[in-house]
$ cat final35.cif   # mmCIF, C-alpha atoms
data_protein
loop_
_atom_site.label_atom_id
_atom_site.label_comp_id
_atom_site.auth_asym_id
_atom_site.auth_seq_id
_atom_site.Cartn_x
_atom_site.Cartn_y
_atom_site.Cartn_z
CA MET B 18 25.85 51.30 -8.50
CA THR B 19 27.47 47.93 -7.70
CA ARG B 20 25.61 47.86 -4.39
CA ALA B 21 22.28 48.63 -6.09
CA ALA B 22 22.89 45.84 -8.65
CA ALA B 23 23.75 43.43 -5.82
CA ILE B 24 20.52 44.32 -3.99
CA VAL B 25 18.44 43.64 -7.12
CA VAL B 26 20.14 40.26 -7.73
CA ALA B 27 19.83 39.28 -4.04
CA VAL B 28 16.09 40.09 -4.08
CA ILE B 29 15.64 37.91 -7.19
CA GLY B 30 17.62 35.09 -5.52
CA LEU B 31 15.59 35.45 -2.34
CA GLY B 32 12.38 35.13 -4.36
CA ILE B 33 13.62 31.92 -6.02
CA ALA B 34 14.87 30.38 -2.76
CA THR B 35 11.63 31.29 -0.96
CA TYR B 36 9.58 29.67 -3.73
CA LEU B 37 11.66 26.47 -3.58
CA THR B 38 11.42 26.40 0.24
CA ILE B 39 7.61 26.72 0.08
CA VAL B 40 7.45 23.95 -2.54
CA HIS B 41 9.64 21.77 -0.32
CA TYR B 42 7.55 22.19 2.83
CA THR B 43 4.17 21.99 1.12
CA GLY B 44 5.20 18.87 -0.80
CA GLY B 45 4.13 20.49 -4.07
CA VAL B 46 5.70 20.26 -7.49
CA SER B 47 7.47 23.33 -8.81
CA VAL B 48 6.71 24.76 -12.23
CA CYS B 49 9.53 23.35 -14.31
CA ALA B 50 10.42 23.78 -17.96
CA ILE B 51 12.36 20.51 -18.02
CA ALA B 52 10.08 17.51 -17.52
CA HIS B 53 10.31 16.27 -13.93
CA GLY B 54 13.81 17.72 -13.51
CA CYS B 55 12.79 19.89 -10.59
CA GLU B 56 10.83 17.09 -8.92
CA THR B 57 13.77 14.72 -9.28
CA VAL B 58 16.26 17.22 -7.87
CA GLN B 59 13.98 18.32 -5.02
CA LYS B 60 13.27 14.76 -3.96
CA SER B 61 16.91 13.68 -4.16
CA ASP B 62 19.00 13.17 -1.03
CA TYR B 63 21.17 16.10 -2.15
CA SER B 64 18.25 18.49 -1.59
CA LYS B 65 19.04 18.48 2.13
CA LEU B 66 22.19 19.23 4.09
CA ALA B 67 22.24 17.46 7.44
CA GLY B 68 18.44 17.31 7.28
CA VAL B 69 18.00 21.01 6.44
CA PRO B 70 16.57 21.75 2.96
CA VAL B 71 19.21 23.50 0.83
CA ALA B 72 16.45 25.84 -0.44
CA LEU B 73 16.01 27.09 3.14
CA LEU B 74 19.78 27.52 3.52
CA GLY B 75 19.78 29.50 0.27
CA MET B 76 16.94 31.68 1.56
CA LEU B 77 18.88 32.43 4.75
CA GLY B 78 21.98 33.18 2.65
CA TYR B 79 20.13 35.75 0.53
CA VAL B 80 18.62 37.33 3.65
CA GLY B 81 22.14 37.59 5.13
CA ILE B 82 23.50 39.17 1.94
CA LEU B 83 20.64 41.68 1.81
CA ALA B 84 21.17 42.55 5.49
CA ALA B 85 24.89 43.12 4.80
CA LEU B 86 24.02 45.32 1.80
CA ILE B 87 21.95 47.72 3.92
CA ARG B 88 25.12 49.45 5.10
CA ASP B 89 28.10 50.32 2.94
CA ASP B 90 30.97 50.17 5.43
CA GLU B 91 34.01 47.93 5.15
CA ARG B 92 32.74 45.32 7.63
CA SER B 93 29.39 44.98 5.82
CA ARG B 94 31.18 44.60 2.49
CA ASP B 95 33.34 41.81 3.95
CA VAL B 96 30.28 40.01 5.33
CA ALA B 97 28.38 40.28 2.02
CA ALA B 98 31.42 38.95 0.12
CA PHE B 99 31.90 36.08 2.61
CA ILE B 100 28.27 34.89 2.36
CA SER B 101 28.30 35.29 -1.44
CA ILE B 102 31.50 33.23 -1.85
CA LEU B 103 30.05 30.58 0.47
CA GLY B 104 26.81 30.54 -1.52
CA PHE B 105 28.67 30.44 -4.83
CA GLY B 106 30.82 27.48 -3.71
CA PHE B 107 27.88 25.44 -2.48
CA SER B 108 25.77 26.35 -5.53
CA ALA B 109 28.61 25.09 -7.74
CA TRP B 110 28.56 21.76 -5.85
CA LEU B 111 24.76 21.48 -6.16
CA THR B 112 24.92 22.22 -9.90
CA TYR B 113 27.57 19.50 -10.23
CA THR B 114 25.30 17.00 -8.42
CA GLU B 115 22.43 17.88 -10.78
CA VAL B 116 24.52 17.35 -13.92
CA ALA B 117 26.78 14.48 -12.87
CA LEU B 118 24.95 12.55 -10.13
CA ILE B 119 21.21 13.16 -10.30
CA ASN B 120 21.08 13.59 -14.10
CA ALA B 121 18.27 16.10 -13.83
CA ILE B 122 18.24 19.87 -14.08
CA CYS B 123 16.15 22.09 -11.84
CA VAL B 124 15.89 25.43 -13.65
CA TRP B 125 15.09 27.26 -10.41
CA CYS B 126 18.25 25.88 -8.78
CA VAL B 127 20.32 26.90 -11.81
CA ALA B 128 18.78 30.39 -11.69
CA SER B 129 19.70 30.66 -8.01
CA ALA B 130 23.25 29.46 -8.76
CA ILE B 131 23.54 32.19 -11.41
CA CYS B 132 22.33 34.79 -8.85
CA MET B 133 24.95 33.59 -6.34
CA THR B 134 27.69 33.75 -9.00
CA ILE B 135 26.77 37.34 -9.90
CA LEU B 136 26.55 38.28 -6.21
CA ALA B 137 29.99 36.78 -5.52
CA ALA B 138 31.51 38.82 -8.39
CA LEU B 139 29.76 42.06 -7.34
CA ASN B 140 30.51 41.73 -3.64
CA VAL B 141 34.16 40.76 -4.16
CA SER B 142 34.56 43.80 -6.42
CA ARG B 143 32.97 45.97 -3.68
CA VAL B 144 35.53 44.70 -1.16
CA LEU B 145 38.39 45.54 -3.52
CA THR B 146 37.13 49.02 -4.32
CA VAL B 147 38.40 51.82 -2.07
CA SER B 148 35.45 54.04 -1.20
CA PRO B 149 35.60 57.83 -1.81
CA PRO B 150 34.79 58.57 1.88
CA GLU B 151 37.95 56.76 2.87
CA LEU B 152 40.06 58.95 0.54
CA ALA B 153 38.21 62.05 1.70
CA ARG B 154 39.66 61.59 5.17
CA VAL B 155 43.02 62.71 3.74
CA ARG B 156 43.30 66.45 4.43
CA MET D 21 56.35 81.07 -4.72
CA SER D 22 52.91 80.68 -3.06
CA LYS D 23 51.76 78.79 -6.17
CA SER D 24 54.64 76.41 -5.68
CA LYS D 25 53.60 75.86 -2.02
CA ARG D 26 50.07 74.96 -3.17
CA GLU D 27 51.50 72.54 -5.68
CA LEU D 28 53.66 70.97 -3.03
CA ARG D 29 50.68 70.67 -0.68
CA GLU D 30 48.62 69.11 -3.46
CA GLN D 31 51.42 66.68 -4.27
CA ARG D 32 51.64 65.73 -0.60
CA ARG D 33 47.88 65.14 -0.46
CA GLU D 34 48.04 63.02 -3.62
CA ALA D 35 50.84 60.96 -2.10
CA GLU D 36 48.85 60.53 1.12
CA ARG D 37 45.75 59.53 -0.82
CA ALA D 38 47.79 57.00 -2.79
CA ALA D 39 49.27 55.64 0.45
CA VAL D 40 45.81 55.40 2.07
CA ALA D 41 44.41 53.71 -1.03
CA ALA D 42 47.33 51.25 -1.17
CA GLU D 43 47.06 50.44 2.55
CA SER D 44 43.28 50.13 2.26
CA ARG D 45 43.61 47.81 -0.73
CA ARG D 46 46.15 45.62 1.11
CA ARG D 47 43.84 45.40 4.12
CA ARG D 48 40.83 44.61 1.94
CA ILE D 49 42.71 41.89 0.07
CA ARG D 50 43.76 40.39 3.43
CA ASN D 51 40.14 40.46 4.62
CA LEU D 52 38.93 39.00 1.35
CA LEU D 53 41.46 36.17 1.45
CA GLY D 54 40.45 35.43 5.04
CA ALA D 55 36.75 35.42 4.15
CA ALA D 56 37.37 33.30 1.03
CA GLY D 57 39.49 30.84 3.03
CA LEU D 58 36.80 30.43 5.68
CA ALA D 59 34.13 30.10 2.98
CA VAL D 60 36.17 27.38 1.21
CA VAL D 61 36.52 25.43 4.49
CA LEU D 62 32.76 25.65 5.10
CA VAL D 63 31.93 24.70 1.49
CA VAL D 64 34.23 21.66 1.66
CA ALA D 65 32.62 20.60 4.95
CA GLY D 66 29.17 21.12 3.41
CA ILE D 67 30.10 19.07 0.35
CA ALA D 68 31.43 16.25 2.58
CA ILE D 69 28.14 16.17 4.52
CA SER D 70 26.05 16.47 1.35
CA ALA D 71 27.99 13.74 -0.50
CA ALA D 72 27.79 11.36 2.47
CA GLY D 73 24.05 11.95 2.74
CA GLY D 74 23.49 11.48 -0.95
CA ALA D 75 25.52 8.38 -1.57
CA LYS D 76 24.14 6.09 1.05
CA ALA D 77 21.34 3.67 0.31
CA LYS D 78 18.77 3.05 2.98
CA PRO D 79 19.40 -0.21 4.84
CA VAL D 80 17.40 -3.03 3.38
CA ALA D 81 15.02 -4.30 6.02
CA GLN D 82 12.52 -7.12 5.83
CA SER D 83 10.48 -4.57 3.96
CA SER D 84 6.75 -4.22 4.05
CA ALA D 85 6.97 -2.98 0.45
CA ALA D 86 6.74 -6.50 -0.96
CA LYS D 87 3.50 -7.09 1.00
CA LEU D 88 1.72 -4.81 -1.47
CA VAL D 89 1.92 -7.52 -4.13
CA ALA D 90 1.86 -10.56 -1.84
CA GLY D 91 -0.57 -13.25 -2.98
CA ILE D 92 -1.10 -11.80 -6.47
CA PRO D 93 -0.07 -14.16 -9.26
CA GLU D 94 2.84 -12.99 -11.42
CA GLN D 95 3.83 -14.55 -14.70
CA ASN D 96 6.65 -13.27 -16.91
CA GLY D 97 6.60 -10.03 -14.98
CA VAL D 98 2.84 -9.55 -15.48
CA LEU D 99 1.11 -9.06 -12.16
CA GLY D 100 -2.53 -10.06 -11.79
CA ASP D 101 -5.12 -12.08 -13.63
CA PRO D 102 -3.81 -12.85 -17.16
CA LYS D 103 -7.40 -12.53 -18.42
CA ALA D 104 -7.80 -8.96 -17.11
CA PRO D 105 -9.21 -6.78 -19.94
CA ILE D 106 -6.82 -3.90 -19.37
CA THR D 107 -3.03 -3.97 -19.25
CA VAL D 108 -1.23 -1.17 -17.46
CA THR D 109 2.47 -0.97 -18.32
CA GLU D 110 4.80 1.06 -16.15
CA TYR D 111 7.98 2.29 -17.81
CA LEU D 112 10.39 2.71 -14.93
CA ASP D 113 14.01 3.08 -14.04
CA PRO D 114 15.01 1.26 -10.84
CA GLN D 115 17.00 4.31 -9.74
CA CYS D 116 14.33 6.90 -10.47
CA PRO D 117 13.20 8.61 -7.24
CA ILE D 118 9.83 9.62 -8.73
CA CYS D 119 9.20 5.95 -9.59
CA ALA D 120 9.76 5.24 -5.88
CA GLU D 121 7.36 8.07 -5.02
CA ALA D 122 4.80 6.68 -7.47
CA SER D 123 5.14 3.24 -5.92
CA LYS D 124 4.03 4.78 -2.62
CA ALA D 125 1.52 7.32 -3.96
CA ASN D 126 -0.15 5.57 -6.92
CA LEU D 127 0.62 1.86 -6.93
CA PRO D 128 -1.19 0.81 -3.72
CA ASP D 129 -4.51 2.12 -5.11
CA LEU D 130 -3.81 0.62 -8.54
CA ILE D 131 -2.84 -2.77 -7.14
CA ASN D 132 -5.49 -3.05 -4.42
CA ASN D 133 -8.46 -1.69 -6.41
CA TYR D 134 -7.69 -2.76 -9.97
CA VAL D 135 -5.13 -5.56 -10.04
CA ARG D 136 -6.37 -7.59 -7.05
CA THR D 137 -9.94 -7.27 -8.33
CA GLY D 138 -8.99 -8.69 -11.73
CA LYS D 139 -9.84 -5.53 -13.70
CA VAL D 140 -6.26 -4.78 -14.65
CA LYS D 141 -2.98 -6.61 -15.08
CA LEU D 142 0.23 -4.75 -14.47
CA GLN D 143 3.53 -5.15 -16.28
CA ALA D 144 6.84 -3.34 -16.17
CA ARG D 145 9.31 -2.14 -18.76
CA THR D 146 12.59 -1.59 -16.99
CA LEU D 147 14.53 1.23 -18.61
CA SER D 148 18.06 2.04 -17.55
CA PHE D 149 18.82 5.51 -18.87
CA ILE D 150 19.82 7.08 -15.55
CA GLY D 151 23.17 5.35 -15.43
CA PRO D 152 25.25 2.24 -14.69
CA ASP D 153 23.47 1.48 -11.39
CA SER D 154 20.18 1.37 -13.35
CA VAL D 155 21.59 -1.23 -15.77
CA THR D 156 22.84 -3.43 -12.92
CA ALA D 157 19.56 -3.18 -11.00
CA ALA D 158 17.37 -3.65 -14.10
CA LYS D 159 19.23 -6.81 -15.17
CA PHE D 160 18.93 -8.23 -11.66
CA ALA D 161 15.21 -7.32 -11.67
CA HIS D 162 14.77 -9.49 -14.76
CA GLY D 163 16.45 -12.28 -12.80
CA ALA D 164 13.76 -11.78 -10.13
CA GLU D 165 11.13 -11.80 -12.90
CA GLN D 166 12.21 -15.34 -13.85
CA GLN D 167 11.21 -16.36 -10.32
CA GLY D 168 7.81 -14.60 -10.47
CA LYS D 169 9.03 -11.94 -8.06
CA LEU D 170 9.66 -8.89 -10.25
CA TRP D 171 7.17 -6.62 -8.51
CA ALA D 172 8.11 -7.73 -5.00
CA PHE D 173 11.75 -7.05 -5.91
CA LEU D 174 11.01 -3.63 -7.47
CA GLU D 175 8.90 -2.47 -4.51
CA THR D 176 11.61 -3.52 -2.06
CA LEU D 177 14.29 -1.87 -4.20
CA TYR D 178 12.35 1.41 -4.25
CA ALA D 179 12.01 1.31 -0.46
CA SER D 180 15.80 0.93 -0.20
CA GLN D 181 16.78 3.31 -3.00
CA GLY D 182 20.01 5.29 -2.62
CA GLN D 183 21.25 8.30 -4.51
CA GLU D 184 21.34 7.92 -8.27
CA ASN D 185 24.64 6.69 -9.73
CA SER D 186 26.42 6.80 -6.40
CA GLY D 187 27.52 3.19 -6.89
CA TYR D 188 25.18 1.87 -4.21
CA VAL D 189 23.79 -0.91 -6.44
CA THR D 190 26.42 -3.46 -5.46
CA ASP D 191 26.10 -7.27 -5.47
CA SER D 192 25.76 -7.13 -1.71
CA PHE D 193 22.97 -4.50 -1.90
CA LEU D 194 21.09 -6.50 -4.56
CA SER D 195 21.52 -9.65 -2.53
CA ASP D 196 19.97 -7.91 0.51
CA VAL D 197 17.06 -6.59 -1.57
CA ALA D 198 16.56 -10.07 -3.04
CA LYS D 199 16.52 -11.66 0.42
CA ALA D 200 13.98 -9.11 1.68
CA SER D 201 11.71 -9.73 -1.31
CA GLY D 202 11.91 -13.51 -1.34
CA VAL D 203 14.10 -13.76 -4.43
CA ASP D 204 16.89 -16.33 -4.83
CA ALA D 205 19.82 -13.90 -5.19
CA SER D 206 22.30 -16.32 -6.78
CA LYS D 207 19.81 -17.41 -9.48
CA ALA D 208 18.85 -13.80 -10.18
CA LYS D 209 22.54 -12.83 -10.43
CA ALA D 210 23.23 -15.70 -12.82
CA PHE D 211 20.40 -14.51 -15.07
CA ALA D 212 21.53 -10.89 -14.82
CA ASP D 213 25.00 -11.90 -16.05
CA GLY D 214 23.59 -13.65 -19.15
CA ALA D 215 22.65 -12.26 -22.57
CA SER D 216 18.88 -12.61 -21.95
CA ALA D 217 18.95 -9.84 -19.34
CA GLN D 218 20.49 -7.39 -21.82
CA ALA D 219 17.94 -8.47 -24.46
CA ALA D 220 15.13 -7.65 -22.01
CA LEU D 221 16.59 -4.19 -21.44
CA ASP D 222 16.95 -3.61 -25.19
CA GLN D 223 13.33 -4.61 -25.74
CA ALA D 224 12.15 -2.21 -23.03
CA ASP D 225 14.19 0.61 -24.64
CA GLY D 226 12.70 -0.23 -28.06
CA ASP D 227 9.13 -0.21 -26.69
CA ALA D 228 9.74 3.13 -24.97
CA GLN D 229 11.15 4.67 -28.14
CA ALA D 230 8.18 3.44 -30.16
CA LEU D 231 5.85 5.26 -27.76
CA LYS D 232 8.17 8.31 -27.49
CA ILE D 233 8.48 7.76 -23.76
CA ASP D 234 11.44 9.71 -22.41
CA SER D 235 10.75 10.04 -18.70
CA THR D 236 9.88 7.71 -15.89
CA PRO D 237 7.56 6.64 -14.53
CA SER D 238 5.26 6.62 -17.56
CA PHE D 239 2.14 4.50 -17.58
CA THR D 240 0.41 3.12 -20.65
CA VAL D 241 -3.00 1.49 -20.86
CA THR D 242 -3.77 -1.22 -23.40
CA LYS D 243 -7.33 -2.44 -23.93
CA GLY D 244 -7.34 -6.11 -24.95
CA ASN D 245 -5.09 -6.45 -27.99
CA GLY D 246 -5.31 -2.74 -28.84
CA LYS D 247 -2.54 -0.22 -29.08
CA PRO D 248 -0.95 1.03 -25.87
CA GLU D 249 -1.70 4.63 -24.98
CA VAL D 250 0.40 6.76 -22.63
CA VAL D 251 -2.05 7.94 -19.96
CA ALA D 252 0.05 9.17 -17.06
CA VAL D 253 3.57 10.51 -16.55
CA GLY D 254 5.24 11.08 -13.20
CA LEU D 255 2.85 11.29 -10.28
CA ASP D 256 -0.25 11.93 -12.41
CA ASP D 257 -3.43 10.34 -11.12
CA LEU D 258 -4.00 7.05 -12.91
CA THR D 259 -7.37 6.24 -11.40
CA ASN D 260 -9.52 8.53 -13.57
CA LYS D 261 -7.80 7.33 -16.72
CA LEU D 262 -8.33 3.71 -15.75
CA ASP D 263 -12.00 4.27 -14.90
CA LYS D 264 -12.48 5.82 -18.34
CA ALA D 265 -10.70 2.91 -20.01
CA LEU D 266 -12.80 0.41 -18.09
CA SER D 267 -16.14 2.14 -18.73
#
$ encode --input "final35.cif" --output "structure tokens"
Amino acid sequence: MTRAAAIVVAVIGLGIATYLTIVHYTGGVSVCAIAHGCETVQKSDYSKLAGVPVALLGMLGYVGILAALIRDDERSRDVAAFISILGFGFSAWLTYTEVALINAICVWCVASAICMTILAALNVSRVLTVSPPELARVR
Amino acid sequence: MSKSKRELREQRREAERAAVAAESRRRRIRNLLGAAGLAVVLVVAGIAISAAGGAKAKPVAQSSAAKLVAGIPEQNGVLGDPKAPITVTEYLDPQCPICAEASKANLPDLINNYVRTGKVKLQARTLSFIGPDSVTAAKFAHGAEQQGKLWAFLETLYASQGQENSGYVTDSFLSDVAKASGVDASKAKAFADGASAQAALDQADGDAQALKIDSTPSFTVTKGNGKPEVVAVGLDDLTNKLDKALS
């Protein structure tokens, strides 16, 4: 159940990150409910990390999480939790830059940050849950 | 007796399950702490790179930006022929990145085809709502305006813009921008420190509020002595609106 929920959230996040990556590379303007907020954030220097668009990094992060969710073994759970915590931490920083430094809100970026927060909670809980197959090994 | 053996076996299994679960939980917590620790290190490194990239202003060069307005008369911040029938007013914030984009995407066409040809005169209202760096830059811009160099200064500032509110608008930065745009930095600074600069900012804020302008850049068109009308916001195409106003 937790894994299924994580897959749904990761697919939504992947959709958002893919959209923002396409907007970035095509030079377009994203559909934004807050006037020019998305444009301002996307054109800010914080929209890239060492020259790589953060939207692309987010896209890769969601792909990694989805790949780790395909299997349900302990190693895959650890990997999914690691990428989710990483994504959550960096999303928190980017949200801070929007509010405190850029003074503009990109609703798509906030939506992605919410996805990463949910994924971090779900994947950490998966790591902490002992799976029934593991208990079944006890004879 | 046999029932008791089954109970004992079941109790042993329960104990083993509990031990497996406890050991598994300890291992998982260890793994999680390791993963979280590594993630924190990577996030901190990412933030350091991101913050360094965001805070720096581009070096001010002998910019070509000021060439856009070179040779066009400017009086009291109004660029172009004072008798031009149409006045375009740009409401801007010196820190606004979209204003910098507009100065590259829209202003060359506006200046070369409408201002240089005497059809339009262009003026600025410098807002400063983004933050303290906007106030400092806007006041200094009014100092440049006193020298007939407002637009040359603004264009050069846009070309050298740093990240909003990162503290990059220092005296040294403004002095470099002034030098690159032909502005006497010490005179501009003296004006910026006086009460007139604040009054100019207050007037711009008042004008913007009267027109309900709350984002930059916003462009208004005024025909003769008529009422200004907001015709373009952000990177909207100005040309069609101007052609309509001129027809």
$ residues_around --input "final35.cif" --residues "region 104-120 of chain B" --least-positions-apart "6" --cutoff "8 Å" --atoms "all atoms listed in the file" --output "list in words"
Thr57, Val58, Ser61, Tyr63, Gly75, Gly78, Cys126, Val127, Ser129, Ala130, Met133, Thr134 and Ala137 of chain B; Ala59, Val60, Val63, Gly66, Ile67, Ile150, Gln183, Glu184, Asn185 and Ser186 of chain D
$ resolve_selection --input "final35.cif" --expression "the PyMOL selection byres ((chain D) within 8 of (chain B))" --output "JSON list (two decimals) with C-alpha atoms, keeping the file's coordinate frame"
[["chain", "number", "residue", "atom", "x", "y", "z"],
["D", 33, "ARG", "CA", 47.88, 65.14, -0.46],
["D", 36, "GLU", "CA", 48.85, 60.53, 1.12],
["D", 37, "ARG", "CA", 45.75, 59.53, -0.82],
["D", 40, "VAL", "CA", 45.81, 55.40, 2.07],
["D", 41, "ALA", "CA", 44.41, 53.71, -1.03],
["D", 44, "SER", "CA", 43.28, 50.13, 2.26],
["D", 45, "ARG", "CA", 43.61, 47.81, -0.73],
["D", 48, "ARG", "CA", 40.83, 44.61, 1.94],
["D", 49, "ILE", "CA", 42.71, 41.89, 0.07],
["D", 51, "ASN", "CA", 40.14, 40.46, 4.62],
["D", 52, "LEU", "CA", 38.93, 39.00, 1.35],
["D", 55, "ALA", "CA", 36.75, 35.42, 4.15],
["D", 56, "ALA", "CA", 37.37, 33.30, 1.03],
["D", 59, "ALA", "CA", 34.13, 30.10, 2.98],
["D", 60, "VAL", "CA", 36.17, 27.38, 1.21],
["D", 62, "LEU", "CA", 32.76, 25.65, 5.10],
["D", 63, "VAL", "CA", 31.93, 24.70, 1.49],
["D", 66, "GLY", "CA", 29.17, 21.12, 3.41],
["D", 67, "ILE", "CA", 30.10, 19.07, 0.35],
["D", 69, "ILE", "CA", 28.14, 16.17, 4.52],
["D", 70, "SER", "CA", 26.05, 16.47, 1.35],
["D", 71, "ALA", "CA", 27.99, 13.74, -0.50],
["D", 73, "GLY", "CA", 24.05, 11.95, 2.74],
["D", 74, "GLY", "CA", 23.49, 11.48, -0.95],
["D", 116, "CYS", "CA", 14.33, 6.90, -10.47],
["D", 117, "PRO", "CA", 13.20, 8.61, -7.24],
["D", 118, "ILE", "CA", 9.83, 9.62, -8.73],
["D", 150, "ILE", "CA", 19.82, 7.08, -15.55],
["D", 183, "GLN", "CA", 21.25, 8.30, -4.51],
["D", 184, "GLU", "CA", 21.34, 7.92, -8.27],
["D", 185, "ASN", "CA", 24.64, 6.69, -9.73],
["D", 186, "SER", "CA", 26.42, 6.80, -6.40],
["D", 235, "SER", "CA", 10.75, 10.04, -18.70],
["D", 254, "GLY", "CA", 5.24, 11.08, -13.20]]
$ atom_distance --input "final35.cif" --atom1 "CA of Gly30 (chain B)" --atom2 "CA of Cys132 (chain B)"
5.8 Å
$ residues_around --input "final35.cif" --residues "Ser192 (chain D)" --least-positions-apart "5" --cutoff "10 Å" --atoms "only C-alpha atoms" --output "list in words"
Val197, Ala198 and Ala205 of chain D
$ write_last_selection --input "final35.cif" --atoms "C-alpha atoms" --output "PDB file, in the frame of the given file"
ATOM      1  CA  VAL D 197      17.060  -6.590  -1.570  1.00  0.00           C
ATOM      2  CA  ALA D 198      16.560 -10.070  -3.040  1.00  0.00           C
ATOM      3  CA  ALA D 205      19.820 -13.900  -5.190  1.00  0.00           C
TER       4      ALA D 205
END
$ atom_distance --input "final35.cif" --atom1 "CA of Ile24 (chain B)" --atom2 "CA of Leu83 (chain B)"
6.4 Å
$ closest_residue --input "final35.cif" --among "D:Arg136, D:Lys103, D:Arg50, D:His162" --to "Leu88 (chain D)" --atoms "only C-alpha atoms"
D:Arg136
$ residues_around --input "final35.cif" --residues "Ala22 (chain B)" --least-positions-apart "4" --cutoff "8 Å" --atoms "only C-alpha atoms" --output "ChimeraX atom specification"
/B:18,26,139
$ write_last_selection --input "final35.cif" --atoms "C-alpha atoms" --output "compact mmCIF listing (two decimals), in the frame of the given file"
# COMPACT_ATOMS: atom_id res chain seq x y z
CA MET B 18 25.85 51.30 -8.50
CA VAL B 26 20.14 40.26 -7.73
CA LEU B 139 29.76 42.06 -7.34
$ atom_distance --input "final35.cif" --atom1 "CA of Ala65 (chain D)" --atom2 "CA of Thr38 (chain B)"
22.5 Å
$ closest_residue --input "final35.cif" --among "B:Thr43, B:Cys55, B:Asp89, B:Tyr36" --to "Leu73 (chain B)" --atoms "all atoms listed in the file"
B:Tyr36
$ residues_around --input "final35.cif" --residues "Asp222 (chain D)" --least-positions-apart "3" --cutoff "12 Å" --atoms "all atoms listed in the file" --output "mmCIF file with C-alpha atoms, in the frame of the given file"
data_model
loop_
_atom_site.group_PDB
_atom_site.id
_atom_site.type_symbol
_atom_site.label_atom_id
_atom_site.label_comp_id
_atom_site.auth_asym_id
_atom_site.auth_seq_id
_atom_site.Cartn_x
_atom_site.Cartn_y
_atom_site.Cartn_z
ATOM 1 C CA ARG D 145 9.310 -2.140 -18.760
ATOM 2 C CA THR D 146 12.590 -1.590 -16.990
ATOM 3 C CA LEU D 147 14.530 1.230 -18.610
ATOM 4 C CA SER D 148 18.060 2.040 -17.550
ATOM 5 C CA PHE D 149 18.820 5.510 -18.870
ATOM 6 C CA VAL D 155 21.590 -1.230 -15.770
ATOM 7 C CA ALA D 158 17.370 -3.650 -14.100
ATOM 8 C CA LYS D 159 19.230 -6.810 -15.170
ATOM 9 C CA ALA D 215 22.650 -12.260 -22.570
ATOM 10 C CA SER D 216 18.880 -12.610 -21.950
ATOM 11 C CA ALA D 217 18.950 -9.840 -19.340
ATOM 12 C CA GLN D 218 20.490 -7.390 -21.820
ATOM 13 C CA ALA D 219 17.940 -8.470 -24.460
ATOM 14 C CA ASP D 225 14.190 0.610 -24.640
ATOM 15 C CA GLY D 226 12.700 -0.230 -28.060
ATOM 16 C CA ASP D 227 9.130 -0.210 -26.690
ATOM 17 C CA ALA D 228 9.740 3.130 -24.970
ATOM 18 C CA GLN D 229 11.150 4.670 -28.140
#
$ resolve_selection --input "final35.cif" --expression "the PyMOL selection byres ((chain D and resi 121) around 12)" --output "NGL selection string"
(:B and (44 or 56-57 or 60-61)) or (:D and (112 or 114-120 or 122-128 or 175 or 178-179 or 181 or 236-237 or 254-256))
$ axis_aligned_box --input "final35.cif" --around "region 60-72 of chain B" --padding-each-side "5 Å" --output "AutoDock Vina command-line options"
--center_x 17.8 --center_y 19.5 --center_z 1.6 --size_x 19.0 --size_y 22.7 --size_z 21.6
$ closest_residue --input "final35.cif" --among "D:Leu177, D:Ala38, D:Ile106, D:Val189" --to "Lys247 (chain D)" --atoms "only C-alpha atoms"
D:Ile106
$ closest_residue --input "final35.cif" --among "D:Arg32, D:Lys169, D:Lys209, D:Arg46" --to "Thr156 (chain D)" --atoms "all atoms listed in the file"
D:Lys209
$ residues_around --input "final35.cif" --residues "Leu77 (chain B)" --least-positions-apart "4" --cutoff "9 Å" --atoms "only C-alpha atoms" --output "number ranges by chain"
B: 31, 34, 72-73, 81-82
$ write_last_selection --input "final35.cif" --atoms "C-alpha atoms" --output "JSON list (two decimals), keeping the file's coordinate frame"
[["chain", "number", "residue", "atom", "x", "y", "z"],
["B", 31, "LEU", "CA", 15.59, 35.45, -2.34],
["B", 34, "ALA", "CA", 14.87, 30.38, -2.76],
["B", 72, "ALA", "CA", 16.45, 25.84, -0.44],
["B", 73, "LEU", "CA", 16.01, 27.09, 3.14],
["B", 81, "GLY", "CA", 22.14, 37.59, 5.13],
["B", 82, "ILE", "CA", 23.50, 39.17, 1.94]]
